[in-house]
Structures are given as structure tokens and as C-alpha cells.
file query_17.cif (mmCIF, C-alpha atoms)
data_input
loop_
_atom_site.label_atom_id
_atom_site.label_comp_id
_atom_site.auth_asym_id
_atom_site.auth_seq_id
_atom_site.Cartn_x
_atom_site.Cartn_y
_atom_site.Cartn_z
CA MET A 1 122.68 -22.57 -60.03
CA LEU A 2 126.40 -22.96 -60.57
CA GLU A 3 127.77 -24.72 -63.62
CA SER A 4 130.39 -27.46 -63.33
CA LYS A 5 133.34 -25.46 -64.75
CA TYR A 6 134.18 -21.83 -65.53
CA LYS A 7 136.93 -20.01 -67.41
CA ALA A 8 138.51 -17.49 -65.06
CA PHE A 9 140.70 -14.60 -66.21
CA GLU A 10 142.88 -12.13 -64.33
CA ILE A 11 143.86 -9.08 -66.37
CA ARG A 12 146.73 -7.10 -64.88
CA ASP A 13 148.54 -4.42 -66.83
CA ASP A 14 149.33 -6.10 -70.16
CA LYS A 15 149.23 -9.65 -68.78
CA VAL A 16 146.24 -11.98 -68.97
CA SER A 17 146.15 -15.15 -66.89
CA GLN A 18 143.54 -17.80 -67.61
CA MET A 19 142.56 -20.87 -65.67
CA LEU A 20 139.71 -23.34 -65.46
CA VAL A 21 137.89 -23.32 -62.10
CA ASP A 22 135.34 -25.72 -60.68
CA GLY A 23 131.84 -24.35 -60.23
CA ASN A 24 131.85 -24.29 -56.46
CA LEU A 25 132.24 -21.60 -53.84
CA LEU A 26 135.69 -22.70 -52.69
CA SER A 27 137.25 -22.78 -56.18
CA ILE A 28 135.77 -19.45 -57.27
CA ALA A 29 136.73 -17.75 -53.99
CA ASP A 30 140.25 -19.19 -54.13
CA PHE A 31 140.75 -17.79 -57.63
CA ILE A 32 139.52 -14.34 -56.55
CA ARG A 33 141.58 -14.37 -53.35
CA ASN A 34 144.76 -15.09 -55.30
CA CYS A 35 144.28 -12.26 -57.82
CA HIS A 36 146.50 -9.22 -57.46
CA GLU A 37 145.22 -5.90 -56.14
CA GLY A 38 144.08 -3.67 -59.01
CA SER A 39 143.51 -6.50 -61.47
CA ILE A 40 140.36 -7.09 -63.49
CA ILE A 41 138.61 -10.39 -62.76
CA THR A 42 136.26 -12.08 -65.21
CA ILE A 43 134.66 -15.48 -64.86
CA HIS A 44 132.75 -16.95 -67.80
CA THR A 45 130.83 -20.13 -68.53
CA LEU A 46 132.52 -22.52 -70.94
CA ASP A 47 130.15 -21.10 -73.61
CA GLY A 48 131.63 -17.63 -73.04
CA GLU A 49 128.70 -16.10 -71.11
CA PRO A 50 129.87 -13.77 -68.33
CA PHE A 51 129.19 -15.07 -64.82
CA LEU A 52 131.16 -12.60 -62.69
CA LEU A 53 133.00 -9.39 -63.57
CA GLY A 54 135.01 -7.35 -61.11
CA LEU A 55 137.85 -4.94 -60.54
CA SER A 56 140.24 -6.36 -57.95
CA LYS A 57 137.80 -7.24 -55.14
CA LEU A 58 134.95 -4.95 -56.29
CA PHE A 59 132.30 -7.01 -58.05
CA LEU A 60 130.54 -5.18 -60.87
CA TYR A 61 128.31 -7.99 -62.12
CA CYS A 62 127.34 -11.49 -61.06
CA GLU A 63 124.84 -13.71 -62.86
CA ASP A 64 123.89 -15.33 -59.54
CA ARG A 65 123.33 -12.35 -57.24
CA MET A 66 122.25 -14.53 -54.31
CA LEU A 67 125.49 -16.55 -54.50
CA LEU A 68 127.50 -13.32 -54.54
CA ASP A 69 125.66 -11.60 -51.68
CA GLN A 70 124.91 -14.53 -49.40
CA GLN A 71 127.86 -16.87 -49.98
CA LEU A 72 130.84 -15.55 -51.94
CA ILE A 73 131.31 -12.12 -50.33
CA PRO A 74 130.82 -13.40 -46.74
CA TYR A 75 133.19 -16.29 -47.45
CA LEU A 76 135.89 -14.01 -48.88
CA ARG A 77 135.52 -11.69 -45.87
CA SER A 78 135.84 -14.58 -43.44
CA ILE A 79 139.07 -15.88 -44.98
CA SER A 80 140.60 -12.41 -45.18
CA GLY A 81 139.66 -11.55 -41.58
CA GLU A 82 137.28 -8.70 -42.47
CA SER A 83 134.12 -8.13 -40.45
CA GLY A 84 130.76 -7.77 -42.19
#

call {"tool": "encode", "arguments": {"input": "query_17.cif", "output": "C-alpha cells"}}
result
Amino acid sequence: MLESKYKAFEIRDDKVSQMLVDGNLLSIADFIRNCHEGSIITIHTLDGEPFLLGLSKLFLYCEDRMLLDQQLIPYLRSISGESG
């Protein structure tokens, strides 16, 4: 189950961007979609527990595997025009 808010980080070269995202598919996907190619993506609960870790668009870990596999990845593919 998604939490209400997450801390999202994009790490690119020596720059770290941080933002607060809502705990819904659209907000999380929008953050990921706007990250630069080659950047490291981390999304954490407000308590600091990792929720999603990835490199650019390759997801290495997700606390909610069903959300990742059944909702987030298909949604990201649909908005980027990729076929499944």
C-alpha cells in the first residue's frame, strides 16, 4: 500500500535534486519520467525507508513489487510510447 508522501531524489553527476512526491502512481511516474538519462533515482518514505531504487529507468528495488510490475512500469511505457 502506498504512503501519502515520499522523498524523491535524483542523483546526477555531483548534483542531487530532492522533491516531495505524493504517494500515487501519477506523481511517482511523473518524477521518474522527468529524471535525466543515466541518473540514479531513489524514493524513500518520510521515515527514510527505501521504497524504490533505480538507475535511470532500470529499477533495482521496489518495496511494492506488484505496484512496480503491474502499474508503474506499464504506465511509464504507455506515456513514453513503448510497447510491452

call {"tool": "residues_around", "arguments": {"input": "query_17.cif", "residues": "stretch 66-82 of chain A", "least_positions_apart": "5", "cutoff": "8 Å", "atoms": "only C-alpha atoms", "output": "count of residues only"}}
result
3

call {"tool": "resolve_selection", "arguments": {"input": "query_17.cif", "expression": "the PyMOL selection byres ((chain A and resi 48) around 12)", "output": "list in words"}}
result
Lys5, Tyr6, Lys7, Ala8, Phe9, Thr42, Ile43, His44, Thr45, Leu46, Asp47, Glu49, Pro50, Phe51 and Leu52 of chain A

call {"tool": "resolve_selection", "arguments": {"input": "query_17.cif", "expression": "the PyMOL selection byres ((chain A and resi 32) around 9)", "output": "ChimeraX atom specification"}}
result
/A:10,27-31,33-36,41,56-57,76

call {"tool": "write_last_selection", "arguments": {"input": "query_17.cif", "atoms": "C-alpha atoms", "output": "short mmCIF file (atom, residue, chain, number, x, y, z; two decimals), keeping the file's coordinate frame"}}
result
data_model
loop_
_atom_site.label_atom_id
_atom_site.label_comp_id
_atom_site.auth_asym_id
_atom_site.auth_seq_id
_atom_site.Cartn_x
_atom_site.Cartn_y
_atom_site.Cartn_z
CA GLU A 10 142.88 -12.13 -64.33
CA SER A 27 137.25 -22.78 -56.18
CA ILE A 28 135.77 -19.45 -57.27
CA ALA A 29 136.73 -17.75 -53.99
CA ASP A 30 140.25 -19.19 -54.13
CA PHE A 31 140.75 -17.79 -57.63
CA ARG A 33 141.58 -14.37 -53.35
CA ASN A 34 144.76 -15.09 -55.30
CA CYS A 35 144.28 -12.26 -57.82
CA HIS A 36 146.50 -9.22 -57.46
CA ILE A 41 138.61 -10.39 -62.76
CA SER A 56 140.24 -6.36 -57.95
CA LYS A 57 137.80 -7.24 -55.14
CA LEU A 76 135.89 -14.01 -48.88
#

call {"tool": "resolve_selection", "arguments": {"input": "query_17.cif", "expression": "the PyMOL selection byres ((chain A and resi 11) around 6)", "output": "number ranges by chain"}}
result
A: 10, 12, 15-16, 39-40

call {"tool": "residues_around", "arguments": {"input": "query_17.cif", "residues": "A:Gly23", "least_positions_apart": "5", "cutoff": "6 Å", "atoms": "all atoms listed in the file", "output": "MDAnalysis selection string"}}
result
chainID A and resid 2:5

call {"tool": "atom_distance", "arguments": {"input": "query_17.cif", "atom1": "atom CA of A:Gly38", "atom2": "atom CA of A:Met19"}}
result
18.5 Å

call {"tool": "atom_distance", "arguments": {"input": "query_17.cif", "atom1": "atom CA of A:Glu63", "atom2": "atom CA of A:Asp14"}}
result
26.7 Å

call {"tool": "atom_distance", "arguments": {"input": "query_17.cif", "atom1": "atom CA of A:Gly54", "atom2": "atom CA of A:Leu20"}}
result
17.2 Å
